[in-house]
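> Pasting in a structure now, in structure tokens, and then I'll have a few things to ask.
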Amino acid sequence: MTDETPDAVLRETWEVPGAPDSFQRLWVPHRIGYIHGNEGRTPGQCVFCVATDLPEEENLVVYEGSHCYVVLNLFPYNPGHVLICPYRHIAQYDEANAEETAEMATLTKQAMVFLRQVGGAHGFNIGMNQGAIAGAGIEEHLHQHVVPRWGQDSN
């Protein structure tokens, strides 16, 4: 243990991307733009509603289905972190119709297979944060996270 105050240690650790800490957590310093505000967001526009309208080289969309699409997370927790989004602007999972929920499930399974084959993922975190109180960063448009995990990613 060092003689430094906890605040000094924390500040020093945050200032050095990838610096280890006693929690052995996954560090994602590139997410600070997301944490501090609306980086990448245009006021009044839903990022998920406009994603497929952007030019292909800018939109991060990797697959377009009939009712949903798959997009790379702009602020990923891990490489390969994708989001499954319905085209329809709905906020809650229970607002999705049968076609949307079925395609979300199918695309989730396909993403898992792909991330295992291409990225060698050992496991996955899959889920939705519904509402700000549950941790949703973008609560106005339903999206499901598929985060690939590896045995040595420390989180």
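Chains: A, B, ... in order of the structure tokens. Residues: from 1 per chain. Ligands: from 1, in order shown.
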Could you give me, as a ChimeraX atom specification, the residues within 6 Å of region 78-91 of chain A, counting only C-alpha atoms and dropping anything in the same chain fewer than 5 positions from it?
/A:67-73,140-147
> Take the selection from the previous step and output its residues with N, CA and C atoms, as a PDB file, in the first residue's frame.

```
ATOM      1  N   HIS A  67     -36.711  -5.917 -39.363  1.00  0.00           N
ATOM      2  CA  HIS A  67     -37.301  -5.145 -38.277  1.00  0.00           C
ATOM      3  C   HIS A  67     -36.258  -4.522 -37.340  1.00  0.00           C
ATOM      4  N   CYS A  68     -35.042  -5.043 -37.405  1.00  0.00           N
ATOM      5  CA  CYS A  68     -33.965  -4.601 -36.514  1.00  0.00           C
ATOM      6  C   CYS A  68     -32.651  -4.538 -37.286  1.00  0.00           C
ATOM      7  N   TYR A  69     -31.686  -3.852 -36.692  1.00  0.00           N
ATOM      8  CA  TYR A  69     -30.346  -3.810 -37.271  1.00  0.00           C
ATOM      9  C   TYR A  69     -29.315  -3.971 -36.161  1.00  0.00           C
ATOM     10  N   VAL A  70     -28.078  -4.247 -36.574  1.00  0.00           N
ATOM     11  CA  VAL A  70     -26.963  -4.427 -35.636  1.00  0.00           C
ATOM     12  C   VAL A  70     -25.964  -3.315 -35.898  1.00  0.00           C
ATOM     13  N   VAL A  71     -25.549  -2.647 -34.829  1.00  0.00           N
ATOM     14  CA  VAL A  71     -24.619  -1.526 -34.941  1.00  0.00           C
ATOM     15  C   VAL A  71     -23.507  -1.692 -33.907  1.00  0.00           C
ATOM     16  N   LEU A  72     -22.278  -1.338 -34.308  1.00  0.00           N
ATOM     17  CA  LEU A  72     -21.178  -1.335 -33.346  1.00  0.00           C
ATOM     18  C   LEU A  72     -21.421  -0.231 -32.324  1.00  0.00           C
ATOM     19  N   ASN A  73     -21.117  -0.502 -31.070  1.00  0.00           N
ATOM     20  CA  ASN A  73     -21.261   0.500 -30.028  1.00  0.00           C
ATOM     21  C   ASN A  73     -20.164   1.554 -30.206  1.00  0.00           C
ATOM     22  N   GLU A 140     -34.375   6.433 -24.687  1.00  0.00           N
ATOM     23  CA  GLU A 140     -35.532   6.662 -25.547  1.00  0.00           C
ATOM     24  C   GLU A 140     -35.677   5.670 -26.700  1.00  0.00           C
ATOM     25  N   HIS A 141     -34.640   4.859 -26.965  1.00  0.00           N
ATOM     26  CA  HIS A 141     -34.725   3.905 -28.077  1.00  0.00           C
ATOM     27  C   HIS A 141     -34.197   2.547 -27.602  1.00  0.00           C
ATOM     28  N   LEU A 142     -35.045   1.553 -27.682  1.00  0.00           N
ATOM     29  CA  LEU A 142     -34.714   0.200 -27.263  1.00  0.00           C
ATOM     30  C   LEU A 142     -33.465  -0.308 -27.977  1.00  0.00           C
ATOM     31  N   HIS A 143     -32.569  -0.920 -27.224  1.00  0.00           N
ATOM     32  CA  HIS A 143     -31.397  -1.558 -27.811  1.00  0.00           C
ATOM     33  C   HIS A 143     -30.878  -2.612 -26.845  1.00  0.00           C
ATOM     34  N   GLN A 144     -30.388  -3.695 -27.407  1.00  0.00           N
ATOM     35  CA  GLN A 144     -29.831  -4.777 -26.603  1.00  0.00           C
ATOM     36  C   GLN A 144     -28.327  -4.851 -26.830  1.00  0.00           C
ATOM     37  N   HIS A 145     -27.577  -4.926 -25.756  1.00  0.00           N
ATOM     38  CA  HIS A 145     -26.125  -5.040 -25.832  1.00  0.00           C
ATOM     39  C   HIS A 145     -25.708  -6.500 -25.977  1.00  0.00           C
ATOM     40  N   VAL A 146     -24.733  -6.741 -26.840  1.00  0.00           N
ATOM     41  CA  VAL A 146     -24.058  -8.030 -26.918  1.00  0.00           C
ATOM     42  C   VAL A 146     -22.574  -7.704 -26.778  1.00  0.00           C
ATOM     43  N   VAL A 147     -22.021  -8.048 -25.611  1.00  0.00           N
ATOM     44  CA  VAL A 147     -20.631  -7.716 -25.296  1.00  0.00           C
ATOM     45  C   VAL A 147     -19.834  -9.013 -25.216  1.00  0.00           C
TER      46      VAL A 147
END
```
> Using only C-alpha atoms, which protein or nucleic acid residues come within 10 Å of Gly120 (chain A)? Drop anything in the same chain fewer than 3 positions from it, and give the result as number ranges by chain.
A: 113-117, 123, 148-150
> Compile the contact shell of Asn59 (chain A) as a PyMOL selection string: residues with an atom at most 12 Å away, counting only C-alpha atoms, same-chain residues fewer than 2 positions apart removed.
chain A and resi 40+47-57+61-64+69-74
> Quick one: pull the distance between CA of Lys109 (chain A) and CA of Gly127 (chain A), Å, one decimal.
12.7 Å
> Which of region 32-105 of chain A counts as strand (DSSP E) under DSSP, as number ranges by chain please?
A: 61-64, 68-72, 82-86
> Using only C-alpha atoms, which residue out of A:Ala121, A:Gln45, A:Ile126, A:Glu58 lies closest to Ala105 (chain A)?
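Closest candidate: A:Ile126.
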> Report, in Å with one decimal, the straight-line distance from CA of Leu107 (chain A) to CA of Tyr93 (chain A).
15.4 Å
> Between A:Ala132, A:Gly151, A:Pro76, A:Ala102, which one has atoms that come closest to Leu60 (chain A), using only C-alpha atoms?
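Nearest to Leu60 (chain A): A:Pro76.
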> Calculated over only C-alpha atoms, which of the candidates A:Gly131, A:Ile138, A:Thr108, A:Asn125 has the smallest distance to Tyr77 (chain A)?
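Smallest distance to Tyr77 (chain A) is found for A:Asn125.
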